[in-house]
Amino acid sequence: MTAGDILLSVEDLVVRFRTHEGTIHAVNGVSFQLEEGERLGLVGESGCGKSVTNLAMIRLLPQPAGRIEGGHVMFDSQDLTTLREDELRSIRGRDIAMIFQDPMTSLNPVLTVEEQMVETIMAHREISRDKARLRAIELLKMVGIPQPETRLDNFPHQFSGGMRQRVMIAMALALEPKLMIADEPTTALDVTIQAQVLELLRGLTEQSGSAMILITHDLGVVAGMTNRINVMYAGYIVETATTLDLFATPSHPYTIGLLHSIPRVDAVVGEPLIPIEGRPPDMRRAPTFCPFAARCRWRLEVCWQENPPLRPIVDGTRVVMTGTGATHQIACFNPPTEEEAVAGKPLRPGFVSAPPPAGMIDEVGAGRVGSTADLEGLVGEIQAEEGPLSLAPSAGGLPIPPEPEHHGEPGIFHDD
Amino acid sequence: MAAPAIPVAQGVDRRASRGLWGDAARRLLRNKPAILGLCFIALFVVAAVFAPILAPYGPLEGGLAQRLDPPSPAHVMGTDSQGRDEYSRVLYGAQVSLLAGVASVVMGVAIGGTIGALAGGVGGKLDSVLMRFVDVLLAVPGILLAIGIVAFLGRGLPQIMFAVAVVNVPIFARILRGSLLSLRESDYITAARSLGASGTRILLRHLLPNSLSPLIVAATLALATAIIDVAGLGFLGLGPPDPRTPEWGTMLTDSTKFIRQAPWLLLFPGAAIVVSAVGFNLLGDGLRESLDPRMRR
């Protein structure tokens, strides 16, 4: 296979969880493709389905609640959703490897690093224990762990968080997988270590030619790491573009909201951050209209009635799914203009975002829908601070909701 | 593959590698009650193992001429109703208690552990069936269950061991199943699965070793109750078939008839039961504290 070939093709993936509280519509028909060696970012706030999409791809959803209820995952011309468990097992680790968010809990505490690494290598390759050990030493050296020979005998608790994540990366790279899935690999790490680990991850996947899916809520992380970005919201891909296009012309109201809620190092002092009001929709309800409508400042009446499909920004463009020429697509009935994207709010004279239809106020939660006037008052309270700031937003890319205020009407902010 | 320029992480932990068990042992040795418990257990084990050397008389030696003698230099704990040296019989009694206690706990861990591992490891229908069976066992009071089993199987040391083991089975089964189920959802199990580890490998290599520590604690505590259960069965007349066998519970029953003339005959076997049971309880608590990360100080 050469670069440019499609390695992974996710087609209309639907994942649901059956729980005591009802069905959770976690992923609602997600489609994307990945070329050999390509690095894709999956961005979105907590609970938007980005991790579930990836766990579903290699069928590691929590059992028995999580189920793939539709779609296909074609990897190397095999459909992962229908493979037998033992066939799938030989793919996990060898062809697709994963790195998890919290290195403190992703290593088995009672086994030494050597036991865990050698076990992984020997599970997939017919080699002797000594050879596997040598390979483990080589891998630890590659990820920058000093004295790998002695460190191999250590237990996970004798490593720091950053070092453990290096060990995880070494294990994931042990078999030079074609696809590496990194699920928030740096979220649990110190900011100074984050950059080192990301750099390491990029360098090593570039060398082995592995494709990578980087899951994160941090737009700052994906900016320098990926070729292409899918922005996810409530189990949908709402915007997909090359990294360059996405940052140059963010087009979905949610993406624009995300970018405006991150403090920037080059921000003018005193320039307000614009938070995304409200919360993600209740995933227990099957979505029938645009999932972002309740929080959107550009919403039209149609947004309360129909769910916009993902389609090219420029009508009639032939859709390219991968590579540097990938088509910029969004799922929005009323895309903001470029000026509006820069301003972070609608600039059209007289434009008022459509209120929810009468019968729907309860359903969407009245508290989630604030008028523009309410929002303006709030914006003034949150100011960009002076001095250099981290690009990392608060968890989920959302600002901390302020204390609910009483306006003699249903609360402006949902407080459940 | 050439290594890219990677910043080498600083601040390496250079402590000697002791591992989880090494750290746990260190914490245990700092725990004073646990050390006291260990001393009691040592006393008990030494008594059982070296009874033939330590005992001044044989367990069956004696004559009615010296019956119910009070403690004296010749008989430090006095003599029983058959004129046998009480001190020697208490020492020999430790053999029966140690053997029955350890054997029944080992059996209980083996049976209960297997049930728990199958229920928690395989899950599904098997889990439901096995756990309902365990619930049935739990519904019957322990000592009653043991009496029933001994009554059904007939008197004898192996039967006693089995009966006490069955009483402990539900405890071990539930503990192991519970910790397997909670570990199953842990990140490192998902991580191991994502790297292609098989179901058996995950159960044997990742899940079981991590669920051992609660099992060890429970087994230590179960040793204490097993010793009491064995003595209890003896006290109720379901001890070893040969009534001359020195067994603490049986010795207590025999002595109750002479409680007015020779109260020391109740005191010494009773103290032996208490000391050994308390010893295992203290050690068990100490082990729980040193093995449970949440209780680390």
# chains A, B, ... in the order shown; residues from 1 in each chain; ligands from 1
$ closest_atom_pairs --of "chain A" --to "chain B" --cutoff "6 Å" --atoms "only C-alpha atoms" --output "tab-separated table"
residue	atom	partner	partner_atom	distance
A:Arg89	CA	B:Gly196	CA	4.7
A:Arg92	CA	B:Gly196	CA	4.6
A:Gly93	CA	B:Leu195	CA	3.7
A:Thr105	CA	B:Asp187	CA	5.7
A:Ser106	CA	B:Tyr188	CA	3.9
A:Leu107	CA	B:Tyr188	CA	5.0
A:Asn108	CA	B:Tyr188	CA	5.5
A:Met142	CA	B:Ala3	CA	5.5
A:Gly144	CA	B:Val8	CA	4.8
A:Asn154	CA	B:Ser17	CA	5.9
$ residues_around --residues "B:Met107" --least-positions-apart "5" --cutoff "12 Å" --atoms "only C-alpha atoms" --output "PyMOL selection string"
chain B and resi 99-102+112-114+158-169+172+219+222-223+226
$ atom_distance --atom1 "atom CA of A:Met122" --atom2 "atom CA of B:Gly22"
27.8 Å
$ select_by_dssp --residues "stretch 185-346 of chain A" --states "strand (DSSP E or B)" --output "list in words"
Ala211, Met212, Ile213, Leu214, Ile215, Thr216, Arg228, Ile229, Asn230, Val231, Met232, Tyr233, Tyr236, Ile237, Val238, Glu239, Thr240, Ala241, Thr242, Pro272, Arg311, Pro312, Gln329 and Ile330 of chain A
$ residues_around --residues "B:Pro73" --least-positions-apart "5" --cutoff "12 Å" --atoms "only C-alpha atoms" --output "count of residues only"
5
$ residues_around --residues "B:Val140" --least-positions-apart "4" --cutoff "12 Å" --atoms "only C-alpha atoms" --output "list in words"
Phe133, Val134, Asp135, Val136, Leu144, Leu145, Ala146, Ile147, Gly148, Ile149, Val166, Val167, Asn168 and Pro170 of chain B
$ residues_around --residues "A:Gly70" --least-positions-apart "4" --cutoff "9 Å" --atoms "only C-alpha atoms" --output "list in words"
Glu11, Asp12, Leu13, Val14, Val15 and Gly29 of chain A
$ residues_around --residues "A:Leu300" --least-positions-apart "2" --cutoff "9 Å" --atoms "only C-alpha atoms" --output "number ranges by chain"
A: 293, 298, 302-304, 333-334, 352-355
$ residues_around --residues "stretch 174-178 of chain B" --least-positions-apart "4" --cutoff "7 Å" --atoms "only C-alpha atoms" --output "PDB file with N, CA and C atoms, in the first residue's frame"
ATOM      1  N   GLY B 113     -12.905 -19.350  45.121  1.00  0.00           N
ATOM      2  CA  GLY B 113     -12.147 -18.594  44.118  1.00  0.00           C
ATOM      3  C   GLY B 113     -12.523 -19.030  42.716  1.00  0.00           C
ATOM      4  N   GLY B 116     -15.949 -17.667  41.960  1.00  0.00           N
ATOM      5  CA  GLY B 116     -15.875 -16.224  41.740  1.00  0.00           C
ATOM      6  C   GLY B 116     -15.211 -15.879  40.424  1.00  0.00           C
ATOM      7  N   ALA B 117     -14.113 -16.591  40.087  1.00  0.00           N
ATOM      8  CA  ALA B 117     -13.387 -16.300  38.852  1.00  0.00           C
ATOM      9  C   ALA B 117     -14.260 -16.612  37.644  1.00  0.00           C
ATOM     10  N   ALA B 119     -17.589 -16.719  37.609  1.00  0.00           N
ATOM     11  CA  ALA B 119     -18.720 -15.795  37.569  1.00  0.00           C
ATOM     12  C   ALA B 119     -18.281 -14.423  37.068  1.00  0.00           C
ATOM     13  N   GLY B 120     -17.181 -13.915  37.629  1.00  0.00           N
ATOM     14  CA  GLY B 120     -16.731 -12.580  37.244  1.00  0.00           C
ATOM     15  C   GLY B 120     -15.999 -12.574  35.918  1.00  0.00           C
ATOM     16  N   PRO B 170     -18.901 -18.856  50.044  1.00  0.00           N
ATOM     17  CA  PRO B 170     -19.587 -17.665  49.519  1.00  0.00           C
ATOM     18  C   PRO B 170     -18.774 -16.387  49.692  1.00  0.00           C
ATOM     19  N   SER B 182     -15.126  -4.989  39.041  1.00  0.00           N
ATOM     20  CA  SER B 182     -14.722  -3.579  39.058  1.00  0.00           C
ATOM     21  C   SER B 182     -13.435  -3.373  38.264  1.00  0.00           C
ATOM     22  N   SER B 211      -6.643  -8.821  41.770  1.00  0.00           N
ATOM     23  CA  SER B 211      -7.718  -9.025  42.734  1.00  0.00           C
ATOM     24  C   SER B 211      -7.257  -9.914  43.882  1.00  0.00           C
ATOM     25  N   LEU B 215      -8.434 -10.931  48.461  1.00  0.00           N
ATOM     26  CA  LEU B 215      -8.605 -12.356  48.744  1.00  0.00           C
ATOM     27  C   LEU B 215      -7.659 -12.803  49.861  1.00  0.00           C
TER      28      LEU B 215
END
$ select_by_dssp --residues "stretch 88-204 of chain A" --states "helix (DSSP H, G or I)" --output "number ranges by chain"
A: 88-91, 113-124, 129-142, 148-151, 156-158, 161-173, 191-204
$ closest_residue --among "A:Ala65, A:Ala123, A:Leu134, A:Leu42" --to "A:Glu21" --atoms "only C-alpha atoms"
A:Ala65
